[in-house]
file work_3.csv (CSV, C-alpha atoms)
chain,number,residue,atom,x,y,z
W,1,MET,CA,63.3,33.9,0.6
W,2,LYS,CA,60.8,34.7,-2.0
W,3,LYS,CA,61.0,31.1,-3.3
W,4,ALA,CA,60.4,29.7,0.2
W,5,GLN,CA,57.4,32.1,0.5
W,6,ILE,CA,55.9,30.9,-2.8
W,7,ARG,CA,56.4,27.3,-1.8
W,8,MET,CA,54.7,27.9,1.6
W,9,PHE,CA,51.9,29.6,-0.1
W,10,GLU,CA,51.5,26.7,-2.5
W,11,SER,CA,51.4,24.2,0.4
W,12,ILE,CA,48.8,26.4,2.3
W,13,ALA,CA,46.7,26.7,-0.8
W,14,THR,CA,46.8,22.9,-1.4
W,15,MET,CA,45.9,22.2,2.2
W,16,PHE,CA,43.1,24.7,2.1
W,17,VAL,CA,41.6,23.2,-1.1
W,18,PHE,CA,42.0,19.7,0.4
W,19,PHE,CA,40.1,20.7,3.6
W,20,ILE,CA,37.4,22.3,1.5
W,21,LEU,CA,37.0,19.1,-0.4
W,22,LEU,CA,37.0,17.1,2.8
W,23,VAL,CA,34.2,19.2,4.3
W,24,PHE,CA,32.3,19.0,1.0
W,25,GLY,CA,32.6,15.3,0.9
W,26,PHE,CA,31.7,14.8,4.5
W,27,THR,CA,28.6,17.0,4.1
W,28,PHE,CA,27.6,15.1,1.1
W,29,TYR,CA,28.1,11.7,2.8
W,30,SER,CA,26.0,12.9,5.8
W,31,ARG,CA,23.2,13.9,3.4
W,32,MET,CA,23.3,10.5,1.7
W,33,GLN,CA,23.1,8.7,5.0
W,34,GLU,CA,20.2,10.9,6.1
W,35,ALA,CA,18.3,10.0,2.9
W,36,LYS,CA,19.0,6.3,3.5
W,37,PHE,CA,17.8,6.6,7.1
W,38,TYR,CA,14.5,8.2,6.0
W,39,GLU,CA,14.1,5.5,3.4
W,40,LYS,CA,14.6,2.8,6.0
W,41,LEU,CA,12.2,4.6,8.3
W,42,ASP,CA,9.5,4.7,5.6
W,43,GLU,CA,10.0,1.0,5.0
W,44,LEU,CA,9.6,0.2,8.7
W,45,ASN,CA,6.6,2.4,8.8
W,46,GLN,CA,5.0,0.5,6.0
W,47,LEU,CA,5.7,-2.8,7.7
W,48,ARG,CA,4.2,-1.4,10.8
W,49,ILE,CA,1.0,-0.4,9.1
W,50,VAL,CA,0.6,-3.8,7.4
W,51,GLU,CA,1.3,-5.6,10.7
W,52,LEU,CA,-1.2,-3.3,12.5
W,53,ALA,CA,-3.9,-4.0,9.9
W,54,GLU,CA,-3.4,-7.7,10.3
W,55,ARG,CA,-3.7,-7.5,14.1
W,56,ILE,CA,-6.9,-5.5,13.9
W,57,LYS,CA,-8.3,-7.9,11.4
W,58,ASN,CA,-7.8,-10.7,13.8
W,59,LEU,CA,-9.0,-9.0,17.0
W,60,PRO,CA,-11.4,-11.3,18.8
W,61,GLU,CA,-13.3,-8.1,19.9
W,62,LEU,CA,-14.4,-7.7,16.3
W,63,GLY,CA,-14.3,-11.2,14.8
W,64,CYS,CA,-17.3,-13.4,13.8
W,65,SER,CA,-17.5,-16.7,15.4
W,66,SER,CA,-19.5,-19.8,14.6
W,67,SER,CA,-19.7,-22.6,17.2
W,68,ALA,CA,-17.0,-20.8,19.2
W,69,ILE,CA,-14.7,-20.9,16.2
W,70,LEU,CA,-13.3,-17.5,15.0
W,71,GLN,CA,-13.8,-16.9,11.3
W,72,GLN,CA,-11.1,-15.3,9.1
W,73,ASP,CA,-11.6,-11.9,7.5
W,74,CYS,CA,-15.0,-11.4,9.1
W,75,PHE,CA,-16.3,-8.8,11.5
W,76,ASP,CA,-19.4,-9.0,13.6
W,77,ILE,CA,-21.6,-6.0,13.0
W,78,ILE,CA,-22.9,-5.9,16.6
W,79,LYS,CA,-19.3,-6.0,17.9
W,80,LEU,CA,-18.5,-3.2,15.4
W,81,GLU,CA,-21.2,-1.0,16.9
W,82,LYS,CA,-20.0,-1.6,20.4
W,83,ILE,CA,-16.3,-1.5,20.1
W,84,LYS,CA,-16.0,2.2,20.3
W,85,ASP,CA,-17.3,2.1,23.9
W,86,LEU,CA,-14.9,-0.7,24.7
W,87,ILE,CA,-12.0,1.3,23.4
W,88,ALA,CA,-13.1,4.3,25.3
W,89,ASP,CA,-13.0,2.2,28.5
W,90,ASN,CA,-9.6,0.8,27.7
W,91,THR,CA,-7.8,3.8,26.1
W,92,GLU,CA,-4.3,2.9,27.2
W,93,TYR,CA,-4.4,-0.7,26.0
W,94,TYR,CA,-5.6,0.3,22.5
W,95,TYR,CA,-3.3,3.3,22.3
W,96,ASP,CA,-0.4,0.9,23.0
W,97,LEU,CA,-1.7,-1.3,20.1
W,98,ILE,CA,-2.5,1.4,17.6
W,99,LEU,CA,-0.7,4.6,18.7
W,100,HIS,CA,-1.8,7.5,16.6
W,101,GLY,CA,-4.0,6.5,13.8
W,102,ASN,CA,-7.5,6.0,12.4
W,103,VAL,CA,-9.3,2.7,12.1
W,104,SER,CA,-12.7,2.5,10.5
W,105,VAL,CA,-14.9,-0.1,8.6
W,106,ILE,CA,-16.9,1.0,5.6
W,107,GLU,CA,-19.8,-1.1,4.6
W,108,ILE,CA,-20.0,-1.1,0.8
W,109,TYR,CA,-22.9,-3.5,0.0
W,110,PRO,CA,-25.8,-3.6,0.5
W,111,GLU,CA,-25.8,-0.4,2.4
W,112,SER,CA,-23.3,2.5,2.7
W,113,LYS,CA,-22.3,2.9,6.3
W,114,THR,CA,-19.1,3.8,8.1
W,115,TYR,CA,-18.2,2.4,11.5
W,116,SER,CA,-15.5,4.6,13.1
W,117,ILE,CA,-13.6,2.4,15.5
W,118,TYR,CA,-10.6,4.4,16.6
W,119,GLU,CA,-9.1,7.8,16.0
W,120,ARG,CA,-6.3,9.5,17.8
W,121,GLN,CA,-4.3,12.4,16.4
W,122,LYS,CA,-1.0,13.7,17.6
W,123,GLU,CA,-1.6,16.5,20.1
W,124,GLN,CA,0.8,18.9,18.4
W,125,GLU,CA,-1.0,18.5,15.0
W,126,LYS,CA,-4.4,18.8,16.7
W,127,GLU,CA,-3.4,22.1,18.4
W,128,GLN,CA,-2.0,23.5,15.2
W,129,GLY,CA,-5.1,22.5,13.3
W,130,LEU,CA,-3.1,20.4,10.8
W,131,ALA,CA,-4.7,17.5,8.9
W,132,PRO,CA,-3.1,14.3,9.9
W,133,VAL,CA,-1.1,12.4,7.3
W,134,GLY,CA,0.1,8.8,7.2
W,135,GLY,CA,0.2,5.5,5.3
W,136,LYS,CA,-3.1,3.7,4.7
W,137,VAL,CA,-4.1,0.1,4.2
W,138,MET,CA,-7.5,-1.0,2.9
W,139,MET,CA,-8.7,-4.6,3.2
W,140,PRO,CA,-12.0,-6.2,2.2
W,141,VAL,CA,-13.8,-7.9,5.1
W,142,ALA,CA,-17.0,-9.7,5.5
W,143,LEU,CA,-19.5,-8.0,7.9
W,144,TYR,CA,-21.8,-10.5,9.5
W,145,ASP,CA,-25.1,-9.4,10.8
W,146,ALA,CA,-26.0,-12.1,13.5
W,147,PRO,CA,-29.7,-11.3,13.9
W,148,THR,CA,-30.4,-11.7,10.1
W,149,LYS,CA,-27.5,-14.1,9.5
W,150,LEU,CA,-26.6,-12.2,6.5
W,151,THR,CA,-23.1,-11.2,5.3
W,152,HIS,CA,-22.3,-7.8,3.9
W,153,PHE,CA,-19.3,-6.5,2.0
W,154,GLY,CA,-17.0,-4.1,3.9
W,155,ILE,CA,-13.6,-2.5,3.8
W,156,LEU,CA,-11.3,-2.2,6.8
W,157,VAL,CA,-9.4,1.1,6.6
W,158,VAL,CA,-6.3,1.4,8.8
W,159,GLN,CA,-4.3,4.6,8.7
W,160,SER,CA,-1.3,5.3,10.9
W,161,TYR,CA,-0.3,8.9,11.8
W,162,GLU,CA,3.1,7.9,13.1
P,1,MET,CA,65.0,26.9,-13.2
P,2,ASN,CA,64.0,29.8,-15.4
P,3,LYS,CA,60.7,31.7,-15.1
P,4,ASN,CA,59.0,30.0,-18.0
P,5,THR,CA,59.6,26.5,-16.6
P,6,MET,CA,58.3,27.6,-13.2
P,7,ASN,CA,55.2,29.1,-14.7
P,8,LYS,CA,54.5,26.0,-16.8
P,9,LYS,CA,55.0,23.8,-13.7
P,10,ALA,CA,52.5,25.9,-11.7
P,11,GLN,CA,50.0,25.8,-14.6
P,12,PHE,CA,50.2,22.1,-14.7
P,13,GLU,CA,49.7,21.8,-11.0
P,14,MET,CA,46.6,24.1,-11.2
P,15,ILE,CA,45.2,22.0,-14.1
P,16,GLY,CA,45.7,18.9,-12.1
P,17,MET,CA,43.9,20.4,-9.1
P,18,ALA,CA,41.1,21.5,-11.4
P,19,ILE,CA,40.7,18.0,-12.8
P,20,VAL,CA,40.6,16.5,-9.3
P,21,VAL,CA,37.9,19.0,-8.2
P,22,THR,CA,35.9,18.3,-11.4
P,23,LEU,CA,36.1,14.6,-10.9
P,24,VAL,CA,34.9,14.9,-7.3
P,25,ILE,CA,32.0,17.1,-8.3
P,26,LEU,CA,31.0,14.7,-11.1
P,27,GLY,CA,31.1,11.8,-8.8
P,28,MET,CA,28.8,13.5,-6.4
P,29,PHE,CA,26.3,14.4,-9.1
P,30,ILE,CA,26.2,10.8,-10.3
P,31,ALA,CA,25.7,9.6,-6.7
P,32,ILE,CA,22.9,12.1,-6.2
P,33,ARG,CA,21.2,11.0,-9.4
P,34,LEU,CA,21.4,7.4,-8.4
P,35,GLN,CA,19.9,8.2,-5.1
P,36,MET,CA,17.0,10.1,-6.7
P,37,PHE,CA,16.1,7.2,-8.9
P,38,SER,CA,16.3,4.5,-6.2
P,39,THR,CA,13.0,2.5,-6.0
P,40,PRO,CA,10.8,3.4,-3.0
P,41,SER,CA,9.8,0.7,-0.6
P,42,THR,CA,7.2,-1.6,-2.0
P,43,ILE,CA,6.2,-3.5,1.1
P,44,GLN,CA,2.8,-2.0,1.3
P,45,THR,CA,2.2,-2.4,-2.5
P,46,GLU,CA,3.4,-6.0,-2.6
P,47,TYR,CA,1.4,-7.0,0.4
P,48,GLY,CA,-1.7,-5.2,-0.9
P,49,GLN,CA,-1.5,-6.9,-4.3
P,50,VAL,CA,-1.2,-10.4,-2.9
P,51,GLN,CA,-3.8,-10.1,-0.1
P,52,LEU,CA,-6.2,-7.8,-1.9
P,53,ALA,CA,-7.0,-10.1,-4.8
P,54,SER,CA,-7.8,-13.2,-2.8
P,55,ASN,CA,-9.5,-11.3,0.1
P,56,PHE,CA,-11.6,-9.3,-2.3
P,57,LEU,CA,-12.9,-12.3,-4.2
P,58,ASN,CA,-13.4,-14.3,-1.0
P,59,THR,CA,-15.4,-11.6,0.6
P,60,MET,CA,-17.5,-10.8,-2.5
P,61,LEU,CA,-18.3,-14.5,-3.0
P,62,ILE,CA,-19.8,-15.0,0.5
P,63,THR,CA,-21.7,-11.7,0.5
P,64,ASN,CA,-25.5,-12.1,0.7
P,65,THR,CA,-27.4,-10.5,-2.1
P,66,ASP,CA,-30.9,-9.1,-2.4
P,67,CYS,CA,-31.9,-12.1,-4.5
P,68,GLY,CA,-33.6,-14.2,-1.9
P,69,ASP,CA,-30.6,-13.7,0.4
P,70,ARG,CA,-28.5,-16.0,-1.8
P,71,ILE,CA,-24.8,-15.4,-1.7
P,72,MET,CA,-22.9,-14.1,-4.7
P,73,ARG,CA,-21.3,-17.5,-5.3
P,74,GLU,CA,-24.7,-19.1,-5.8
P,75,LEU,CA,-25.7,-16.5,-8.3
P,76,LEU,CA,-22.5,-16.8,-10.3
P,77,ILE,CA,-22.6,-20.6,-10.3
P,78,ASP,CA,-26.2,-20.5,-11.5
P,79,CYS,CA,-25.3,-17.9,-14.2
P,80,ALA,CA,-22.5,-20.2,-15.4
P,81,HIS,CA,-24.7,-23.3,-15.3
P,82,ASN,CA,-28.4,-23.0,-16.3
P,83,LYS,CA,-29.7,-19.6,-15.1
P,84,ALA,CA,-32.5,-21.2,-13.2
P,85,ILE,CA,-32.5,-18.6,-10.4
P,86,LYS,CA,-34.8,-15.6,-10.9
P,87,CYS,CA,-34.3,-12.4,-8.9
P,88,ASP,CA,-37.5,-10.4,-9.3
P,89,ASN,CA,-37.6,-9.7,-13.0
P,90,GLU,CA,-33.9,-10.4,-13.6
P,91,ASP,CA,-31.9,-13.6,-14.0
P,92,SER,CA,-29.0,-14.5,-11.8
P,93,CYS,CA,-26.4,-13.1,-14.3
P,94,THR,CA,-27.9,-9.6,-14.5
P,95,ARG,CA,-28.4,-9.3,-10.7
P,96,ALA,CA,-24.9,-10.6,-10.0
P,97,GLU,CA,-23.3,-8.3,-12.5
P,98,LYS,CA,-25.2,-5.3,-11.0
P,99,ILE,CA,-23.9,-6.1,-7.6
P,100,MET,CA,-20.4,-6.7,-8.8
P,101,ASP,CA,-20.4,-3.4,-10.6
P,102,GLN,CA,-21.7,-1.7,-7.4
P,103,ILE,CA,-18.9,-3.2,-5.3
P,104,LEU,CA,-16.2,-2.6,-7.8
P,105,SER,CA,-17.1,1.0,-8.4
P,106,LYS,CA,-16.9,1.8,-4.6
P,107,THR,CA,-13.6,-0.1,-4.1
P,108,LEU,CA,-11.1,-1.0,-6.8
P,109,ASP,CA,-12.3,1.7,-9.2
P,110,GLU,CA,-12.3,4.4,-6.6
P,111,TRP,CA,-8.8,3.4,-5.5
P,112,ASN,CA,-7.6,3.5,-9.2
P,113,ALA,CA,-6.5,-0.1,-8.9
P,114,LYS,CA,-5.7,-1.8,-12.2
P,115,TYR,CA,-7.6,-5.1,-12.3
P,116,LEU,CA,-9.1,-7.8,-14.4
P,117,LEU,CA,-12.0,-9.9,-13.1
P,118,THR,CA,-13.0,-12.9,-15.2
P,119,LEU,CA,-15.5,-15.7,-14.9
P,120,LYS,CA,-14.7,-18.5,-17.3
P,121,THR,CA,-15.8,-22.0,-18.1
P,122,LYS,CA,-13.6,-23.9,-20.6
P,123,GLY,CA,-11.4,-20.9,-21.1
P,124,SER,CA,-14.2,-18.5,-22.2
P,125,GLN,CA,-16.0,-15.8,-20.4
P,126,ILE,CA,-19.4,-17.0,-19.3
P,127,ALA,CA,-22.4,-15.6,-21.2
P,128,GLY,CA,-24.4,-13.0,-19.2
P,129,ILE,CA,-21.5,-11.3,-17.4
P,130,ASP,CA,-18.8,-9.3,-19.0
P,131,GLU,CA,-15.3,-9.4,-17.8
P,132,LYS,CA,-14.4,-6.4,-15.6
P,133,ARG,CA,-11.2,-4.7,-16.6
P,134,ASN,CA,-9.5,-1.5,-15.5
P,135,ASP,CA,-6.4,-0.9,-17.5
P,136,CYS,CA,-4.9,-4.3,-16.7
P,137,VAL,CA,-3.4,-6.8,-19.1
P,138,PRO,CA,-1.8,-9.5,-17.0
P,139,ASP,CA,0.2,-11.0,-19.9
P,140,GLU,CA,1.8,-7.6,-20.6
P,141,MET,CA,2.1,-6.1,-17.1
P,142,ASP,CA,3.6,-7.0,-13.8
P,143,THR,CA,1.1,-8.8,-11.5
P,144,GLU,CA,1.2,-10.4,-8.1
P,145,MET,CA,-0.5,-13.7,-7.1
P,146,PRO,CA,-4.1,-13.5,-8.4
P,147,GLY,CA,-7.2,-14.5,-6.5
P,148,ILE,CA,-8.6,-17.6,-8.0
P,149,TYR,CA,-11.6,-19.8,-7.1
P,150,TYR,CA,-12.8,-22.9,-8.9
P,151,TYR,CA,-16.3,-24.4,-8.7
P,152,ASN,CA,-17.3,-27.7,-10.2
P,153,LEU,CA,-20.5,-27.5,-12.3
P,154,GLU,CA,-22.7,-30.2,-13.5
P,155,GLY,CA,-21.7,-31.7,-16.8
P,156,GLY,CA,-18.0,-31.8,-15.9
P,157,LYS,CA,-17.5,-28.0,-16.4
P,158,THR,CA,-15.5,-25.9,-14.0
P,159,LEU,CA,-16.2,-22.2,-13.3
P,160,THR,CA,-13.0,-20.3,-12.7
P,161,ILE,CA,-13.4,-16.9,-11.0
P,162,ARG,CA,-10.2,-14.9,-11.2
P,163,LEU,CA,-9.1,-11.5,-10.1
P,164,ASP,CA,-5.7,-10.1,-11.3
P,165,LEU,CA,-4.2,-6.9,-10.0
P,166,CYS,CA,-1.7,-5.2,-12.2
P,167,TYR,CA,0.8,-2.5,-11.2
call {"tool": "encode", "arguments": {"input": "work_3.csv", "output": "structure tokens"}}
result
Amino acid sequence: MKKAQIRMFESIATMFVFFILLVFGFTFYSRMQEAKFYEKLDELNQLRIVELAERIKNLPELGCSSSAILQQDCFDIIKLEKIKDLIADNTEYYYDLILHGNVSVIEIYPESKTYSIYERQKEQEKEQGLAPVGGKVMMPVALYDAPTKLTHFGILVVQSYE
Amino acid sequence: MNKNTMNKKAQFEMIGMAIVVTLVILGMFIAIRLQMFSTPSTIQTEYGQVQLASNFLNTMLITNTDCGDRIMRELLIDCAHNKAIKCDNEDSCTRAEKIMDQILSKTLDEWNAKYLLTLKTKGSQIAGIDEKRNDCVPDEMDTEMPGIYYYNLEGGKTLTIRLDLCY
């Protein structure tokens, strides 16, 4: 009888340890998968910011044109000054395009000027007074001043809060 | 089976179980370490390096300067050629270098980007403008596609303007 009890105890102990190991292993695997998921999410986020920056760079609402031909990597300064009003009148359309983020153009030479084009923070962060965080892309762009026909040096800054 | 044999058997079994548990924990530690040192996504970095170099040069070269509204490209070509253009009391090289420094200080320097900007004819930096470097040695470090522009000068020379970004 005692022998049988010892054997039973041995079996129970083995199964107990086995299940502990199983739970441990499963938890560990879940954590690894979670880490991989966040890594993938970060990669997709980066792709998204880069894609967004390219789309904004090629917006006809901002682009310079000569003889009705759009020029690459160039913003018209007059359009830059007016686009904020355009965005305010078409909030939904631009929200669908940009979601939560900040888009601005900084003139570097000859003057120092900032044109804020779009900013939308997440409501929750705004209420809690939290500073928004997100990936950022900066691209040099030419800023064309049509009245003077001069080109300035600028930087397009696109930040996504997603 | 006597008591001694049974005890030994039990001890061996416990040792075996301890080895299995140790191996499992060791395996987990190794996996965690590998995960910690996995390289982060570089999409943004790679895109930035390729686009930034050529976009930067292209934009800078077409920027109008305060030297009779000439664009930077004209000043740099003149600097490499015969320095005929005068900008108030300065020659084209001095003015172009000042403007370049101004732009670089507010952009690549501020972003802590590692770069090397050279203007060369026949393999040597042109006189009048120093090469602009911020901790970048392209032959010794990883770089992406540089921004390069070539301009033919009189006398069969070619001006090569090149921007390398290191990371």
call {"tool": "closest_residue", "arguments": {"input": "work_3.csv", "among": "W:Leu21, W:Leu150, W:Val103, W:Ala35", "to": "Asp66 in chain P", "atoms": "all atoms listed in the file"}}
result
W:Leu150
call {"tool": "atom_distance", "arguments": {"input": "work_3.csv", "atom1": "CA of Leu86 in chain W", "atom2": "CA of Leu62 in chain W"}}
result
10.9 Å
call {"tool": "residues_around", "arguments": {"input": "work_3.csv", "residues": "Ile56 in chain W", "least_positions_apart": "6", "cutoff": "12 Å", "atoms": "all atoms listed in the file", "output": "compact mmCIF listing (two decimals) with C-alpha atoms, in the coordinates of the input"}}
result
# COMPACT_ATOMS: atom_id res chain seq x y z
CA ILE W 49 1.00 -0.40 9.10
CA VAL W 50 0.60 -3.80 7.40
CA LEU W 62 -14.40 -7.70 16.30
CA GLY W 63 -14.30 -11.20 14.80
CA GLN W 72 -11.10 -15.30 9.10
CA ASP W 73 -11.60 -11.90 7.50
CA CYS W 74 -15.00 -11.40 9.10
CA PHE W 75 -16.30 -8.80 11.50
CA LEU W 80 -18.50 -3.20 15.40
CA ILE W 83 -16.30 -1.50 20.10
CA TYR W 94 -5.60 0.30 22.50
CA LEU W 97 -1.70 -1.30 20.10
CA ILE W 98 -2.50 1.40 17.60
CA ASN W 102 -7.50 6.00 12.40
CA VAL W 103 -9.30 2.70 12.10
CA SER W 104 -12.70 2.50 10.50
CA VAL W 105 -14.90 -0.10 8.60
CA ILE W 117 -13.60 2.40 15.50
CA TYR W 118 -10.60 4.40 16.60
CA VAL W 137 -4.10 0.10 4.20
CA MET W 138 -7.50 -1.00 2.90
CA MET W 139 -8.70 -4.60 3.20
CA VAL W 141 -13.80 -7.90 5.10
CA LEU W 156 -11.30 -2.20 6.80
CA VAL W 157 -9.40 1.10 6.60
CA VAL W 158 -6.30 1.40 8.80
CA GLN W 159 -4.30 4.60 8.70
call {"tool": "residues_near_point", "arguments": {"input": "work_3.csv", "point": "(-15.1, 3.0, 2.1)", "cutoff": "8 Å", "atoms": "only C-alpha atoms", "output": "number ranges by chain"}}
result
W: 105-108, 114, 154-157; P: 106-107
call {"tool": "closest_atom_pairs", "arguments": {"input": "work_3.csv", "of": "chain W", "to": "chain P", "cutoff": "6 Å", "atoms": "only C-alpha atoms", "output": "CSV"}}
result
residue,atom,partner,partner_atom,distance
W:Glu43,CA,P:Ser41,CA,5.6
W:Gln46,CA,P:Gln44,CA,5.8
W:Pro140,CA,P:Phe56,CA,5.5
W:Ala142,CA,P:Thr59,CA,5.5
W:Leu150,CA,P:Asn64,CA,5.9
W:Thr151,CA,P:Thr63,CA,5.0
W:His152,CA,P:Thr63,CA,5.2
W:Phe153,CA,P:Thr63,CA,5.9
call {"tool": "atom_distance", "arguments": {"input": "work_3.csv", "atom1": "CA of Ile15 in chain P", "atom2": "CA of Arg31 in chain W"}}
result
29.3 Å
call {"tool": "atom_distance", "arguments": {"input": "work_3.csv", "atom1": "CA of Leu117 in chain P", "atom2": "CA of Asp164 in chain P"}}
result
6.6 Å
call {"tool": "axis_aligned_box", "arguments": {"input": "work_3.csv", "around": "range 86-105 of chain P", "padding_each_side": "4 Å", "output": "JSON"}}
result
{"center_x": -26.9, "center_y": -7.3, "center_z": -9.9, "size_x": 29.4, "size_y": 24.6, "size_z": 17.2}
